[in-house]
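Q: What follows is query.cif; its format and atoms are mmCIF, C-alpha atoms.
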```
data_model
#
loop_
_atom_site.label_atom_id
_atom_site.label_comp_id
_atom_site.auth_asym_id
_atom_site.auth_seq_id
_atom_site.Cartn_x
_atom_site.Cartn_y
_atom_site.Cartn_z
CA MET A 250 -190.35 -63.73 139.50
CA CYS A 251 -189.67 -61.74 142.65
CA HIS A 252 -191.22 -63.12 145.82
CA CYS A 253 -192.13 -60.53 148.49
CA LEU A 254 -192.87 -61.25 152.13
CA ILE A 255 -194.79 -58.32 153.65
CA THR A 256 -196.01 -57.82 157.21
CA ALA A 257 -198.83 -55.44 158.07
CA GLY A 258 -201.12 -54.22 160.80
CA PRO A 259 -200.78 -54.21 164.58
CA THR A 260 -200.22 -57.06 167.00
CA ARG A 261 -202.02 -57.65 170.28
CA GLU A 262 -200.54 -58.77 173.60
CA PHE A 263 -203.02 -60.15 176.12
CA PHE A 264 -203.38 -59.72 179.89
CA ASP A 265 -206.22 -62.24 179.98
CA PRO A 266 -208.58 -63.75 177.37
CA VAL A 267 -210.47 -60.46 176.85
CA ARG A 268 -207.95 -57.66 177.48
CA PHE A 269 -204.86 -56.70 175.55
CA ILE A 270 -202.49 -53.87 174.66
CA THR A 271 -201.90 -52.84 171.07
CA ASN A 272 -201.41 -49.77 168.85
CA PRO A 273 -203.61 -47.95 166.33
CA SER A 274 -202.05 -49.37 163.15
CA SER A 275 -204.73 -49.84 160.49
CA GLY A 276 -202.69 -52.07 158.16
CA LYS A 277 -203.43 -49.75 155.22
CA MET A 278 -199.79 -49.15 154.32
CA GLY A 279 -198.82 -52.81 154.43
CA TYR A 280 -201.87 -53.91 152.45
CA ALA A 281 -201.20 -51.19 149.87
CA LEU A 282 -197.63 -52.44 149.54
CA ALA A 283 -198.89 -55.99 149.01
CA ALA A 284 -201.27 -54.82 146.28
CA ALA A 285 -198.55 -52.74 144.64
CA ALA A 286 -196.10 -55.66 144.67
CA LEU A 287 -198.69 -57.90 143.04
CA ALA A 288 -199.37 -55.25 140.39
CA ALA A 289 -195.64 -55.10 139.72
CA GLY A 290 -195.61 -58.81 138.92
CA CYS A 291 -194.36 -60.15 142.25
CA THR A 292 -195.77 -63.02 144.23
CA VAL A 293 -196.69 -61.98 147.77
CA ASP A 294 -196.93 -63.59 151.19
CA LEU A 295 -198.85 -61.20 153.48
CA VAL A 296 -198.56 -61.77 157.23
CA SER A 297 -201.03 -59.54 159.03
CA GLY A 298 -202.16 -58.69 162.50
CA PRO A 299 -205.87 -57.99 163.19
CA VAL A 300 -207.24 -55.31 160.84
CA ALA A 301 -210.61 -54.34 159.36
CA ILE A 302 -209.63 -54.53 155.69
CA SER A 303 -209.51 -57.42 153.25
CA PRO A 304 -206.18 -58.66 151.86
CA PRO A 305 -205.42 -58.43 148.13
CA GLN A 306 -207.03 -61.37 146.38
CA ASP A 307 -203.87 -62.87 144.90
CA ALA A 308 -201.72 -62.64 148.03
CA ALA A 309 -201.02 -65.71 150.15
CA PHE A 310 -202.56 -64.51 153.42
CA TYR A 311 -201.38 -65.49 156.91
CA PRO A 312 -203.36 -63.90 159.78
CA VAL A 313 -201.69 -63.68 163.19
CA THR A 314 -202.47 -61.94 166.47
CA THR A 315 -199.42 -61.65 168.72
CA GLY A 316 -195.85 -60.61 168.05
CA ALA A 317 -194.65 -64.14 168.80
CA GLU A 318 -197.08 -65.56 166.23
CA MET A 319 -195.87 -63.05 163.64
CA LEU A 320 -192.25 -63.92 164.33
CA THR A 321 -192.98 -67.63 163.94
CA ARG A 322 -194.74 -67.13 160.61
CA VAL A 323 -192.13 -64.72 159.21
CA ASN A 324 -189.36 -67.07 160.32
CA GLU A 325 -191.07 -69.88 158.43
CA LEU A 326 -191.63 -67.88 155.22
CA PHE A 327 -188.42 -65.85 155.10
CA PRO A 328 -186.11 -68.41 153.42
CA ARG A 329 -188.20 -68.46 150.22
CA CYS A 330 -188.59 -64.69 149.83
CA HIS A 331 -186.42 -62.32 147.82
CA ILE A 332 -187.64 -59.17 149.56
CA LEU A 333 -188.94 -58.80 153.12
CA ILE A 334 -190.88 -55.59 153.84
CA LYS A 335 -191.81 -55.34 157.49
CA ALA A 336 -194.52 -52.70 157.59
CA ALA A 337 -196.30 -54.18 160.63
CA ALA A 338 -196.44 -52.13 163.81
CA VAL A 339 -195.61 -54.85 166.30
CA CYS A 340 -196.54 -54.08 169.89
CA ASP A 341 -193.12 -53.69 171.53
CA PHE A 342 -194.16 -54.89 174.99
CA ARG A 343 -196.34 -57.64 176.44
CA PRO A 344 -197.58 -58.40 179.96
CA ARG A 345 -195.10 -60.60 181.79
CA SER A 346 -197.90 -62.74 183.20
CA TYR A 347 -201.12 -63.98 181.63
CA SER A 348 -204.33 -65.04 183.34
CA GLN A 349 -206.15 -68.00 181.76
CA THR A 350 -209.46 -66.57 183.03
CA LYS A 351 -210.86 -63.06 182.94
CA VAL A 352 -209.47 -60.96 185.78
CA LYS A 353 -212.37 -59.43 187.67
CA LYS A 354 -212.25 -55.65 187.89
CA ALA A 355 -212.42 -55.66 191.67
CA ASN A 356 -209.32 -57.88 191.85
CA ALA A 357 -207.33 -56.36 189.00
CA PRO A 358 -203.92 -54.85 189.88
CA LEU A 359 -203.42 -51.21 188.98
CA THR A 360 -199.90 -51.84 187.73
CA VAL A 361 -198.78 -54.38 185.16
CA GLU A 362 -195.24 -55.64 184.66
CA LEU A 363 -194.24 -55.72 181.00
CA GLU A 364 -191.47 -57.44 179.05
CA PRO A 365 -190.10 -56.82 175.55
CA VAL A 366 -191.59 -58.62 172.57
CA PRO A 367 -188.87 -60.24 170.43
CA ASP A 368 -187.67 -57.91 167.66
CA ILE A 369 -188.78 -59.58 164.44
CA LEU A 370 -186.55 -57.62 162.07
CA LYS A 371 -183.44 -57.92 164.20
CA THR A 372 -184.04 -61.65 164.64
CA ILE A 373 -184.70 -62.35 160.98
CA ALA A 374 -182.29 -59.97 159.21
CA VAL A 375 -179.16 -61.66 160.61
CA ARG A 376 -180.12 -64.65 158.43
CA LYS A 377 -180.49 -62.78 155.15
CA THR A 378 -178.45 -63.96 152.21
CA SER A 379 -176.77 -61.80 149.58
CA ALA A 380 -179.76 -62.50 147.31
CA GLN A 381 -182.28 -61.07 149.80
CA THR A 382 -183.26 -57.47 150.51
CA VAL A 383 -184.75 -56.53 153.88
CA VAL A 384 -186.79 -53.36 154.33
CA GLY A 385 -187.98 -52.01 157.67
CA PHE A 386 -190.32 -49.25 158.79
CA ALA A 387 -189.60 -46.65 161.46
CA ALA A 388 -192.66 -44.84 162.79
CA GLU A 389 -191.41 -42.03 165.01
CA THR A 390 -192.81 -38.91 166.67
CA SER A 391 -189.57 -36.88 166.41
CA ASP A 392 -186.06 -37.01 164.91
CA ILE A 393 -187.39 -39.57 162.46
CA GLU A 394 -184.36 -39.76 160.19
CA ARG A 395 -181.87 -40.09 163.04
CA TYR A 396 -183.79 -42.92 164.68
CA ALA A 397 -184.45 -44.61 161.35
CA LEU A 398 -180.76 -44.59 160.42
CA GLN A 399 -179.93 -46.12 163.80
CA LYS A 400 -182.38 -48.94 163.11
CA LEU A 401 -181.02 -49.38 159.59
CA THR A 402 -177.58 -50.14 161.03
CA GLU A 403 -178.53 -51.96 164.22
CA LYS A 404 -180.94 -54.33 162.48
CA ASN A 405 -178.79 -55.09 159.43
CA LEU A 406 -181.33 -53.68 156.96
CA ASP A 407 -180.90 -52.71 153.33
CA LEU A 408 -183.57 -50.00 153.43
CA ILE A 409 -185.86 -48.37 155.97
CA VAL A 410 -189.00 -46.31 155.48
CA ALA A 411 -189.18 -43.46 157.99
CA ASN A 412 -192.42 -41.67 158.75
CA LYS A 413 -193.78 -39.43 161.46
CA VAL A 414 -196.79 -40.61 163.41
CA GLY A 415 -199.03 -38.76 165.81
CA ARG A 416 -202.21 -39.02 167.78
CA ALA A 417 -205.47 -40.24 166.33
CA GLY A 418 -207.24 -37.25 164.85
CA ASP A 419 -204.04 -35.75 163.46
CA ALA A 420 -205.01 -36.23 159.82
CA ALA A 421 -201.48 -35.74 158.53
CA ASN A 422 -199.83 -38.33 160.74
CA ALA A 423 -202.42 -40.73 162.14
CA PHE A 424 -201.95 -44.45 161.63
CA GLU A 425 -205.55 -44.63 160.44
CA ALA A 426 -205.17 -41.99 157.73
CA ASP A 427 -205.43 -42.81 154.03
CA THR A 428 -202.43 -40.57 153.30
CA ASN A 429 -198.80 -40.70 154.34
CA SER A 430 -195.47 -39.00 153.72
CA VAL A 431 -192.28 -41.02 154.08
CA ILE A 432 -188.54 -40.97 153.55
CA LEU A 433 -186.80 -44.06 152.19
CA LEU A 434 -183.28 -44.39 153.57
CA GLY A 435 -180.60 -46.92 152.71
CA THR A 436 -176.95 -47.75 152.86
CA ASN A 437 -174.37 -45.55 151.08
CA ASN A 438 -176.37 -42.42 152.04
CA PHE A 439 -179.34 -43.35 149.86
CA ARG A 440 -182.27 -41.01 150.55
CA ARG A 441 -185.52 -40.50 148.69
CA GLU A 442 -188.43 -38.46 150.03
CA TYR A 443 -192.06 -39.05 149.11
CA GLY A 444 -194.36 -36.13 149.86
CA THR A 445 -197.88 -36.44 151.22
CA ALA A 446 -200.01 -38.68 149.02
CA LEU A 447 -202.44 -41.55 149.28
CA LYS A 448 -200.88 -44.64 150.82
CA THR A 449 -201.74 -46.55 147.66
CA THR A 450 -199.70 -44.05 145.63
CA ILE A 451 -196.76 -44.12 148.04
CA ALA A 452 -196.88 -47.92 148.06
CA ARG A 453 -196.50 -48.04 144.28
CA GLN A 454 -193.58 -45.61 144.44
CA LEU A 455 -191.88 -47.56 147.21
CA ILE A 456 -192.30 -50.91 145.49
CA HIS A 457 -190.87 -49.48 142.26
CA THR A 458 -187.79 -48.18 144.10
CA ILE A 459 -187.33 -51.27 146.28
CA LEU A 460 -187.45 -53.54 143.23
CA GLU A 461 -185.02 -51.26 141.42
CA ILE A 462 -182.56 -51.39 144.32
CA HIS A 463 -182.99 -55.13 144.80
CA ARG A 464 -182.23 -55.82 141.12
CA ALA A 465 -179.21 -53.52 141.18
CA LYS A 466 -177.96 -55.39 144.26
CA LEU A 467 -178.20 -58.70 142.41
CA ARG A 468 -176.44 -57.32 139.33
CA SER A 469 -173.54 -56.07 141.45
CA GLN A 470 -172.75 -59.49 142.87
#
```
I need this file expressed as structure tokens, please.
A:
Amino acid sequence: MCHCLITAGPTREFFDPVRFITNPSSGKMGYALAAAALAAGCTVDLVSGPVAISPPQDAAFYPVTTGAEMLTRVNELFPRCHILIKAAAVCDFRPRSYSQTKVKKANAPLTVELEPVPDILKTIAVRKTSAQTVVGFAAETSDIERYALQKLTEKNLDLIVANKVGRAGDAANAFEADTNSVILLGTNNFRREYGTALKTTIARQLIHTILEIHRAKLRSQ
């Protein structure tokens, strides 16, 4: 039985106990992928940032908040998975300093120094074995295929799902939308485009293709 490790949702990076930076990821795509993988007969570990939806009942669920927490959990679970699909939208930056108590508005600085959050995919994918397949996501606002292909190579991925994102309210591209349109890219010039459809539909299509490619990879060894 194929074991999938899937990440979903946003992460949060805190300035103080009540303020943080994040992104508008809803987790819908990652949760749909988890449900589709279960329906395809896989076992699923789902590592998720804070979202307002319930995880699939049969998934092993691991809630996290920050990027560091997600990295720790994925690092722990990765050795036992056959396929890693990192659909989470990890907040790329975090405040360099953290206040243990709420910063009063009158005393708050108007500028905040940020530092990069560790890149989960780049950190984990260097450890993949020949029996593992690693799939990333690239949410871009322009030149989506070019940037996605760069990430595919730089992060040592087998596949990457590229999609265009936009501002909230842009029904075609918003993180919060129930629909999506994506392009699945891989090594050896693999390219498959999935037109606009419900995220649940796209998730089923992606899981079918990812499993197909993973099995072909194993047969070729």
Q: With all atoms listed in the file as the counted atoms, please give the residues lying no more than 12 Å from Phe342 (chain A), apart from itself and same-chain residues fewer than 3 positions off, as a PyMOL selection string.
A: chain A and resi 260-264+269-272+315-317+338-339+345-346+361-368
Q: How many Å separate CA of Asp265 (chain A) from CA of Lys351 (chain A)?
A: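 Rounded to one decimal, the two atoms are 5.6 Å apart.
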Q: Excluding Met319 (chain A) and any residue of its chain fewer than 6 positions from it, enumerate the residues within 12 Å of it, using only C-alpha atoms, and give them as a ChimeraX atom specification.
A: /A:255-262,295-299,311-313,325-327,335,337-340,366-370,372-373
Q: Quick one: apply the PyMOL selection byres ((chain A and resi 254) around 12) to the file and drop the selected residues here as a ChimeraX atom specification.
A: /A:251-253,255-257,279-280,282-283,286-287,291-297,308-311,322-337,381-385
Q: Mind giving me the straight-line distance from CA of Phe424 (chain A) to CA of Ala288 (chain A) in Å, one decimal?
A: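 Between these atoms lies a distance of 24.0 Å.
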Q: So what do you get for CA of Ser274 (chain A) versus CA of Ser303 (chain A), distance-wise?
A: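 A separation of 14.8 Å between them.
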Q: Could you tell me which residues the PyMOL selection byres ((chain A and resi 398-410) around 8) grabs in this file, written as a PDB file with C-alpha atoms, keeping the file's coordinate frame?
A:
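selection-v4.pdb was written with the following content:
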```pdb
ATOM      1  CA  LEU A 370    -186.550 -57.620 162.070  1.00  0.00           C
ATOM      2  CA  LYS A 371    -183.440 -57.920 164.200  1.00  0.00           C
ATOM      3  CA  ALA A 374    -182.290 -59.970 159.210  1.00  0.00           C
ATOM      4  CA  VAL A 375    -179.160 -61.660 160.610  1.00  0.00           C
ATOM      5  CA  THR A 382    -183.260 -57.470 150.510  1.00  0.00           C
ATOM      6  CA  VAL A 383    -184.750 -56.530 153.880  1.00  0.00           C
ATOM      7  CA  VAL A 384    -186.790 -53.360 154.330  1.00  0.00           C
ATOM      8  CA  GLY A 385    -187.980 -52.010 157.670  1.00  0.00           C
ATOM      9  CA  PHE A 386    -190.320 -49.250 158.790  1.00  0.00           C
ATOM     10  CA  ALA A 387    -189.600 -46.650 161.460  1.00  0.00           C
ATOM     11  CA  GLU A 394    -184.360 -39.760 160.190  1.00  0.00           C
ATOM     12  CA  ARG A 395    -181.870 -40.090 163.040  1.00  0.00           C
ATOM     13  CA  TYR A 396    -183.790 -42.920 164.680  1.00  0.00           C
ATOM     14  CA  ALA A 397    -184.450 -44.610 161.350  1.00  0.00           C
ATOM     15  CA  ALA A 411    -189.180 -43.460 157.990  1.00  0.00           C
ATOM     16  CA  ASN A 412    -192.420 -41.670 158.750  1.00  0.00           C
ATOM     17  CA  VAL A 431    -192.280 -41.020 154.080  1.00  0.00           C
ATOM     18  CA  ILE A 432    -188.540 -40.970 153.550  1.00  0.00           C
ATOM     19  CA  LEU A 433    -186.800 -44.060 152.190  1.00  0.00           C
ATOM     20  CA  LEU A 434    -183.280 -44.390 153.570  1.00  0.00           C
ATOM     21  CA  GLY A 435    -180.600 -46.920 152.710  1.00  0.00           C
ATOM     22  CA  THR A 436    -176.950 -47.750 152.860  1.00  0.00           C
TER      23      THR A 436
END
```
Q: Pick the closest to Leu455 (chain A) from A:Ser391, A:Thr350, A:Ser430, A:Ser379: which is it, counting all atoms listed in the file?
A: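 Among the listed residues, A:Ser430 lies closest to Leu455 (chain A).
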Q: Between A:Val267, A:Met278, A:Ile456, A:Ile462, which has the minimum distance to Phe439 (chain A) (counting all atoms listed in the file)?
A: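 Selected residue with least distance to Phe439 (chain A): A:Ile462.
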Q: Go ahead and fit an axis-aligned box to every listed atom of region 323-337 of chain A plus 5 Å each side, and pass me the centre and edge lengths in Å, one decimal, as JSON.
A:
```
{"center_x": -191.2, "center_y": -61.3, "center_z": 154.2, "size_x": 20.2, "size_y": 27.2, "size_z": 22.8}
```
Q: Which of these, A:Ala380, A:Ser348, A:Ala388, A:Thr449, has the shortest distance to His463 (chain A) once you count all atoms listed in the file?
A: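 Using all atoms listed in the file, His463 (chain A) sits closest to A:Ala380.
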